[in-house]
Structure formats: C-alpha cells, structure tokens
>>> print(open('final-v5.cif').read())   # mmCIF, N, CA and C atoms and all ligand atoms
data_coords
loop_
_atom_site.label_atom_id
_atom_site.label_comp_id
_atom_site.auth_asym_id
_atom_site.auth_seq_id
_atom_site.Cartn_x
_atom_site.Cartn_y
_atom_site.Cartn_z
N MET A 1 -10.81 -26.36 -53.41
CA MET A 1 -12.18 -25.86 -53.25
C MET A 1 -13.15 -26.80 -53.97
N ASN A 2 -14.17 -27.25 -53.28
CA ASN A 2 -15.13 -28.15 -53.90
C ASN A 2 -16.40 -27.42 -54.33
N THR A 3 -17.27 -28.17 -55.00
CA THR A 3 -18.49 -27.54 -55.54
C THR A 3 -19.43 -27.06 -54.44
N ILE A 4 -19.45 -27.77 -53.29
CA ILE A 4 -20.35 -27.35 -52.21
C ILE A 4 -19.94 -25.98 -51.69
N THR A 5 -18.62 -25.76 -51.54
CA THR A 5 -18.15 -24.45 -51.08
C THR A 5 -18.54 -23.37 -52.07
N LEU A 6 -18.34 -23.65 -53.36
CA LEU A 6 -18.71 -22.67 -54.39
C LEU A 6 -20.20 -22.38 -54.34
N PHE A 7 -21.00 -23.42 -54.15
CA PHE A 7 -22.45 -23.24 -54.09
C PHE A 7 -22.84 -22.36 -52.91
N SER A 8 -22.29 -22.61 -51.71
CA SER A 8 -22.65 -21.78 -50.55
C SER A 8 -22.19 -20.35 -50.74
N LEU A 9 -21.07 -20.16 -51.40
CA LEU A 9 -20.59 -18.81 -51.68
C LEU A 9 -21.57 -18.05 -52.56
N SER A 10 -22.06 -18.70 -53.63
CA SER A 10 -22.98 -18.00 -54.53
C SER A 10 -24.32 -17.75 -53.86
N VAL A 11 -24.75 -18.67 -52.98
CA VAL A 11 -25.99 -18.44 -52.24
C VAL A 11 -25.83 -17.24 -51.32
N ALA A 12 -24.69 -17.15 -50.63
CA ALA A 12 -24.45 -16.03 -49.73
C ALA A 12 -24.44 -14.71 -50.50
N LEU A 13 -23.86 -14.72 -51.70
CA LEU A 13 -23.84 -13.52 -52.52
C LEU A 13 -25.25 -13.12 -52.95
N LEU A 14 -26.04 -14.12 -53.36
CA LEU A 14 -27.42 -13.86 -53.77
C LEU A 14 -28.23 -13.27 -52.62
N LEU A 15 -28.05 -13.83 -51.42
CA LEU A 15 -28.80 -13.38 -50.25
C LEU A 15 -28.43 -11.95 -49.88
N SER A 16 -27.14 -11.62 -49.94
CA SER A 16 -26.74 -10.27 -49.56
C SER A 16 -27.18 -9.26 -50.60
N ALA A 17 -27.38 -9.71 -51.86
CA ALA A 17 -27.84 -8.81 -52.91
C ALA A 17 -29.33 -8.54 -52.77
N GLY A 18 -30.08 -9.48 -52.16
CA GLY A 18 -31.52 -9.32 -52.02
C GLY A 18 -31.89 -8.49 -50.82
N ASN A 19 -33.14 -8.64 -50.39
CA ASN A 19 -33.61 -7.89 -49.23
C ASN A 19 -33.13 -8.59 -47.96
N ALA A 20 -31.94 -8.26 -47.52
CA ALA A 20 -31.31 -8.97 -46.41
C ALA A 20 -32.09 -8.83 -45.11
N ALA A 21 -32.62 -7.64 -44.85
CA ALA A 21 -33.30 -7.39 -43.58
C ALA A 21 -34.51 -8.32 -43.44
N ALA A 22 -35.34 -8.39 -44.48
CA ALA A 22 -36.54 -9.22 -44.41
C ALA A 22 -36.19 -10.69 -44.47
N ALA A 23 -35.16 -11.05 -45.26
CA ALA A 23 -34.82 -12.45 -45.43
C ALA A 23 -34.28 -13.06 -44.14
N THR A 24 -33.74 -12.23 -43.25
CA THR A 24 -33.18 -12.77 -42.03
C THR A 24 -34.17 -12.74 -40.87
N ASP A 25 -35.42 -12.31 -41.12
CA ASP A 25 -36.43 -12.34 -40.07
C ASP A 25 -36.58 -13.78 -39.57
N PRO A 26 -36.25 -14.04 -38.30
CA PRO A 26 -36.26 -15.43 -37.81
C PRO A 26 -37.65 -16.05 -37.86
N ASP A 27 -38.70 -15.23 -37.68
CA ASP A 27 -40.06 -15.78 -37.75
C ASP A 27 -40.39 -16.24 -39.16
N PHE A 28 -39.92 -15.46 -40.15
CA PHE A 28 -40.16 -15.85 -41.55
C PHE A 28 -39.41 -17.12 -41.87
N LYS A 29 -38.15 -17.18 -41.46
CA LYS A 29 -37.31 -18.35 -41.75
C LYS A 29 -37.87 -19.62 -41.11
N ARG A 30 -38.48 -19.47 -39.93
CA ARG A 30 -39.05 -20.60 -39.22
C ARG A 30 -40.17 -21.23 -40.06
N LEU A 31 -40.94 -20.37 -40.75
CA LEU A 31 -42.06 -20.88 -41.54
C LEU A 31 -41.63 -21.33 -42.93
N ASP A 32 -40.60 -20.66 -43.49
CA ASP A 32 -40.13 -21.00 -44.84
C ASP A 32 -39.19 -22.19 -44.75
N THR A 33 -39.77 -23.39 -44.60
CA THR A 33 -38.94 -24.56 -44.31
C THR A 33 -38.05 -24.97 -45.47
N ASN A 34 -38.43 -24.69 -46.73
CA ASN A 34 -37.55 -25.07 -47.84
C ASN A 34 -36.66 -23.91 -48.29
N ASN A 35 -36.72 -22.78 -47.56
CA ASN A 35 -35.82 -21.64 -47.79
C ASN A 35 -35.85 -21.10 -49.22
N ASP A 36 -37.05 -21.06 -49.84
CA ASP A 36 -37.12 -20.48 -51.18
C ASP A 36 -37.54 -19.01 -51.13
N GLY A 37 -37.67 -18.46 -49.92
CA GLY A 37 -38.02 -17.05 -49.78
C GLY A 37 -39.50 -16.77 -49.82
N LEU A 38 -40.30 -17.84 -49.87
CA LEU A 38 -41.76 -17.70 -49.87
C LEU A 38 -42.34 -18.72 -48.90
N ILE A 39 -43.43 -18.33 -48.22
CA ILE A 39 -44.12 -19.28 -47.35
C ILE A 39 -45.33 -19.80 -48.11
N SER A 40 -45.33 -21.07 -48.45
CA SER A 40 -46.48 -21.66 -49.15
C SER A 40 -47.53 -22.06 -48.12
N TRP A 41 -48.74 -22.33 -48.61
CA TRP A 41 -49.81 -22.74 -47.70
C TRP A 41 -49.42 -24.02 -46.96
N SER A 42 -48.79 -24.98 -47.64
CA SER A 42 -48.45 -26.23 -46.97
C SER A 42 -47.39 -26.00 -45.89
N GLU A 43 -46.44 -25.08 -46.14
CA GLU A 43 -45.46 -24.76 -45.11
C GLU A 43 -46.15 -24.10 -43.91
N TYR A 44 -47.06 -23.20 -44.19
CA TYR A 44 -47.76 -22.50 -43.12
C TYR A 44 -48.62 -23.47 -42.33
N ALA A 45 -49.36 -24.33 -43.03
CA ALA A 45 -50.27 -25.27 -42.38
C ALA A 45 -49.50 -26.26 -41.50
N ALA A 46 -48.29 -26.64 -41.91
CA ALA A 46 -47.50 -27.59 -41.14
C ALA A 46 -47.12 -27.02 -39.77
N LYS A 47 -46.93 -25.69 -39.72
CA LYS A 47 -46.53 -25.05 -38.46
C LYS A 47 -47.72 -24.48 -37.69
N ASN A 48 -48.88 -24.39 -38.35
CA ASN A 48 -50.05 -23.79 -37.73
C ASN A 48 -51.27 -24.69 -37.86
N PRO A 49 -51.33 -25.76 -37.08
CA PRO A 49 -52.47 -26.66 -37.16
C PRO A 49 -53.75 -25.95 -36.69
N VAL A 50 -54.91 -26.42 -37.18
CA VAL A 50 -56.19 -25.85 -36.75
C VAL A 50 -56.34 -26.08 -35.26
N SER A 51 -56.60 -24.99 -34.52
CA SER A 51 -56.81 -25.14 -33.09
C SER A 51 -57.85 -24.13 -32.64
N GLY A 52 -58.86 -24.62 -31.95
CA GLY A 52 -59.89 -23.73 -31.43
C GLY A 52 -60.62 -23.00 -32.55
N ARG A 53 -60.83 -21.71 -32.37
CA ARG A 53 -61.63 -20.96 -33.34
C ARG A 53 -60.77 -20.35 -34.44
N LEU A 54 -59.46 -20.42 -34.29
CA LEU A 54 -58.60 -19.83 -35.30
C LEU A 54 -58.49 -20.74 -36.51
N ASN A 55 -58.82 -20.21 -37.67
CA ASN A 55 -58.70 -20.98 -38.90
C ASN A 55 -57.44 -20.52 -39.63
N PRO A 56 -56.40 -21.36 -39.65
CA PRO A 56 -55.13 -20.93 -40.26
C PRO A 56 -55.26 -20.56 -41.73
N ARG A 57 -56.20 -21.17 -42.44
CA ARG A 57 -56.39 -20.85 -43.87
C ARG A 57 -56.85 -19.40 -44.03
N ARG A 58 -57.73 -18.95 -43.14
CA ARG A 58 -58.21 -17.56 -43.21
C ARG A 58 -57.10 -16.59 -42.88
N ILE A 59 -56.29 -16.95 -41.88
CA ILE A 59 -55.16 -16.09 -41.50
C ILE A 59 -54.19 -16.00 -42.68
N PHE A 60 -53.89 -17.15 -43.29
CA PHE A 60 -52.96 -17.19 -44.42
C PHE A 60 -53.47 -16.30 -45.56
N ASP A 61 -54.75 -16.45 -45.90
CA ASP A 61 -55.32 -15.66 -47.00
C ASP A 61 -55.29 -14.17 -46.70
N ASN A 62 -55.44 -13.84 -45.40
CA ASN A 62 -55.38 -12.45 -44.98
C ASN A 62 -54.00 -11.85 -45.18
N VAL A 63 -52.98 -12.65 -44.89
CA VAL A 63 -51.61 -12.17 -45.01
C VAL A 63 -51.19 -12.12 -46.49
N ASP A 64 -51.67 -13.08 -47.28
CA ASP A 64 -51.33 -13.16 -48.71
C ASP A 64 -52.15 -12.13 -49.48
N THR A 65 -51.76 -10.87 -49.36
CA THR A 65 -52.59 -9.78 -49.86
C THR A 65 -52.68 -9.76 -51.38
N ASN A 66 -51.68 -10.25 -52.11
CA ASN A 66 -51.78 -10.25 -53.58
C ASN A 66 -52.34 -11.58 -54.11
N ARG A 67 -52.76 -12.47 -53.19
CA ARG A 67 -53.47 -13.71 -53.55
C ARG A 67 -52.72 -14.58 -54.56
N ASP A 68 -51.39 -14.66 -54.43
CA ASP A 68 -50.66 -15.54 -55.33
C ASP A 68 -50.41 -16.91 -54.69
N GLY A 69 -50.93 -17.11 -53.49
CA GLY A 69 -50.79 -18.41 -52.84
C GLY A 69 -49.54 -18.56 -52.00
N TYR A 70 -48.73 -17.49 -51.94
CA TYR A 70 -47.51 -17.51 -51.14
C TYR A 70 -47.42 -16.23 -50.31
N ILE A 71 -46.85 -16.36 -49.12
CA ILE A 71 -46.55 -15.18 -48.32
C ILE A 71 -45.09 -14.82 -48.58
N ASP A 72 -44.86 -13.64 -49.15
CA ASP A 72 -43.47 -13.22 -49.37
C ASP A 72 -43.01 -12.35 -48.19
N THR A 73 -41.76 -11.95 -48.22
CA THR A 73 -41.21 -11.22 -47.07
C THR A 73 -41.92 -9.89 -46.84
N ALA A 74 -42.33 -9.22 -47.93
CA ALA A 74 -43.03 -7.94 -47.79
C ALA A 74 -44.39 -8.13 -47.15
N GLU A 75 -45.11 -9.16 -47.57
CA GLU A 75 -46.43 -9.44 -46.98
C GLU A 75 -46.28 -9.83 -45.52
N PHE A 76 -45.23 -10.59 -45.21
CA PHE A 76 -44.99 -11.01 -43.84
C PHE A 76 -44.67 -9.79 -42.96
N ALA A 77 -43.84 -8.90 -43.48
CA ALA A 77 -43.47 -7.69 -42.73
C ALA A 77 -44.70 -6.81 -42.50
N ALA A 78 -45.58 -6.72 -43.52
CA ALA A 78 -46.79 -5.92 -43.40
C ALA A 78 -47.71 -6.51 -42.34
N MET A 79 -47.79 -7.83 -42.29
CA MET A 79 -48.61 -8.50 -41.28
C MET A 79 -48.09 -8.20 -39.88
N LYS A 80 -46.77 -8.23 -39.71
CA LYS A 80 -46.20 -7.95 -38.39
C LYS A 80 -46.46 -6.50 -37.99
N GLN A 81 -46.40 -5.59 -38.97
CA GLN A 81 -46.70 -4.19 -38.70
C GLN A 81 -48.13 -4.03 -38.20
N ARG A 82 -49.07 -4.71 -38.89
CA ARG A 82 -50.49 -4.61 -38.50
C ARG A 82 -50.68 -5.13 -37.09
N ARG A 83 -49.97 -6.19 -36.72
CA ARG A 83 -50.15 -6.77 -35.39
C ARG A 83 -49.66 -5.87 -34.28
N LYS A 84 -48.69 -5.01 -34.61
CA LYS A 84 -48.12 -4.11 -33.60
C LYS A 84 -49.13 -3.05 -33.17
N HIS A 85 -50.03 -2.67 -34.11
CA HIS A 85 -50.94 -1.55 -33.82
C HIS A 85 -52.29 -2.02 -33.29
CA CA B 1 -40.93 -21.94 -48.89
CA CA B 2 -48.47 -13.24 -51.83
#
>>> encode(input="final-v5.cif", output="structure tokens", more="lines below")
Ligand SMILES: [Ca+2]
Ligand SMILES: [Ca+2]
Amino acid sequence: MNTITLFSLSVALLLSAGNAAAATDPDFKRLDTNNDGLISWSEYAAKNPVSGRLNPRRIFDNVDTNRDGYIDTAEFAAMKQRRKH
C-alpha cells in the first residue's frame, strides 16, 4: 500500500463524514474546480464570463448570503431552491 492510496482513503472517509448529499451536487462540483468545498469568486468568474446584461459578480454576491467571499454548499443549495420557485 502506498501513500497515494492511503491519502485517497482518508479523503473518502472525510467526504462521507461530511455533508455527502450537498458535496456530490454535480453543479457545485463543476464550479468548485480545486475541490475545497467552497466556490471562490475566481472559480465562479472562470465559469461565468460577463455576457449581456447578466453581471456574474452581482449573482455571486446574491448567492454568498453570509458575505464571506465564498459560496458554500448550503448557500448553493439555497440558491437552487430559490430558482425552483
Ligand atoms: Ca474551491
Ligand atoms: Ca458564503
């Protein structure tokens, strides 16, 4: 057994201990390019270039409800809920 195998095992354990449902949201994972569980503004901006009248910075700030500069899984889930209604 090598260190890489041990590392992936501990990551898998950490992931299953956390909020597995939100962490596996494919839309969230698509935006969280460095897989740290948070979507930073630079990650968001890379996938959402300015186009037309939509300002991605305003959308990002809207989703980042606690204004810490990152979209976490709970904020992302809340945003998806709002879009459904
Ligand atoms: Ca990230
Ligand atoms: Ca936030």
>>> residues_near_point(input="final-v5.cif", point="(-43.2, -21.5, -46.4)", cutoff="6 Å", atoms="only N, CA and C atoms", output="compact mmCIF listing (two decimals) with N, CA and C atoms, keeping the file's coordinate frame")
# COMPACT_ATOMS: atom_id res chain seq x y z
N LEU A 31 -40.94 -20.37 -40.75
CA LEU A 31 -42.06 -20.88 -41.54
C LEU A 31 -41.63 -21.33 -42.93
N ASP A 32 -40.60 -20.66 -43.49
CA ASP A 32 -40.13 -21.00 -44.84
C ASP A 32 -39.19 -22.19 -44.75
N THR A 33 -39.77 -23.39 -44.60
CA THR A 33 -38.94 -24.56 -44.31
C THR A 33 -38.05 -24.97 -45.47
N ASN A 34 -38.43 -24.69 -46.73
CA ASN A 34 -37.55 -25.07 -47.84
C ASN A 34 -36.66 -23.91 -48.29
N LEU A 38 -40.30 -17.84 -49.87
CA LEU A 38 -41.76 -17.70 -49.87
C LEU A 38 -42.34 -18.72 -48.90
N ILE A 39 -43.43 -18.33 -48.22
CA ILE A 39 -44.12 -19.28 -47.35
C ILE A 39 -45.33 -19.80 -48.11
N SER A 40 -45.33 -21.07 -48.45
CA SER A 40 -46.48 -21.66 -49.15
C SER A 40 -47.53 -22.06 -48.12
N GLU A 43 -46.44 -25.08 -46.14
CA GLU A 43 -45.46 -24.76 -45.11
C GLU A 43 -46.15 -24.10 -43.91
N TYR A 44 -47.06 -23.20 -44.19
CA TYR A 44 -47.76 -22.50 -43.12
C TYR A 44 -48.62 -23.47 -42.33
>>> residues_near_ligand(input="final-v5.cif", ligand="ligand CA 2 (chain B)", cutoff="7 Å", atoms="all atoms listed in the file", output="PyMOL selection string")
chain A and resi 63-72+75
>>> select_by_dssp(input="final-v5.cif", residues="range 28-79 of chain A", states="strand (DSSP E)", output="list in words")
Ile39, Ser40, Tyr70 and Ile71 of chain A
>>> closest_residue(input="final-v5.cif", among="A:Asp25, A:Phe60, A:Leu54, A:Ala77", to="Ser42 in chain A", atoms="only C-alpha atoms")
A:Phe60
>>> atom_distance(input="final-v5.cif", atom1="atom N of Phe76 in chain A", atom2="atom C of Ser51 in chain A")
22.4 Å
>>> atom_distance(input="final-v5.cif", atom1="CA of Asp36 in chain A", atom2="CA of Pro49 in chain A")
21.7 Å
>>> closest_residue(input="final-v5.cif", among="A:Lys47, A:Lys29, A:Arg57, A:Arg83", to="ligand CA 1 (chain B)", atoms="only C-alpha atoms and all ligand atoms")
A:Lys29
>>> atom_distance(input="final-v5.cif", atom1="atom N of Ala46 in chain A", atom2="atom N of Gln81 in chain A")
21.3 Å
>>> closest_residue(input="final-v5.cif", among="A:Asn62, A:Val50, A:Trp41, A:Asn55", to="ligand CA 1 (chain B)", atoms="all atoms listed in the file")
A:Trp41
>>> closest_residue(input="final-v5.cif", among="A:Gly37, A:His85, A:Ala45, A:Thr73", to="ligand CA 1 (chain B)", atoms="all atoms listed in the file")
A:Gly37
>>> closest_residue(input="final-v5.cif", among="A:Gly52, A:Pro26, A:Asn35, A:Ala78", to="ligand CA 1 (chain B)", atoms="only C-alpha atoms and all ligand atoms")
A:Asn35
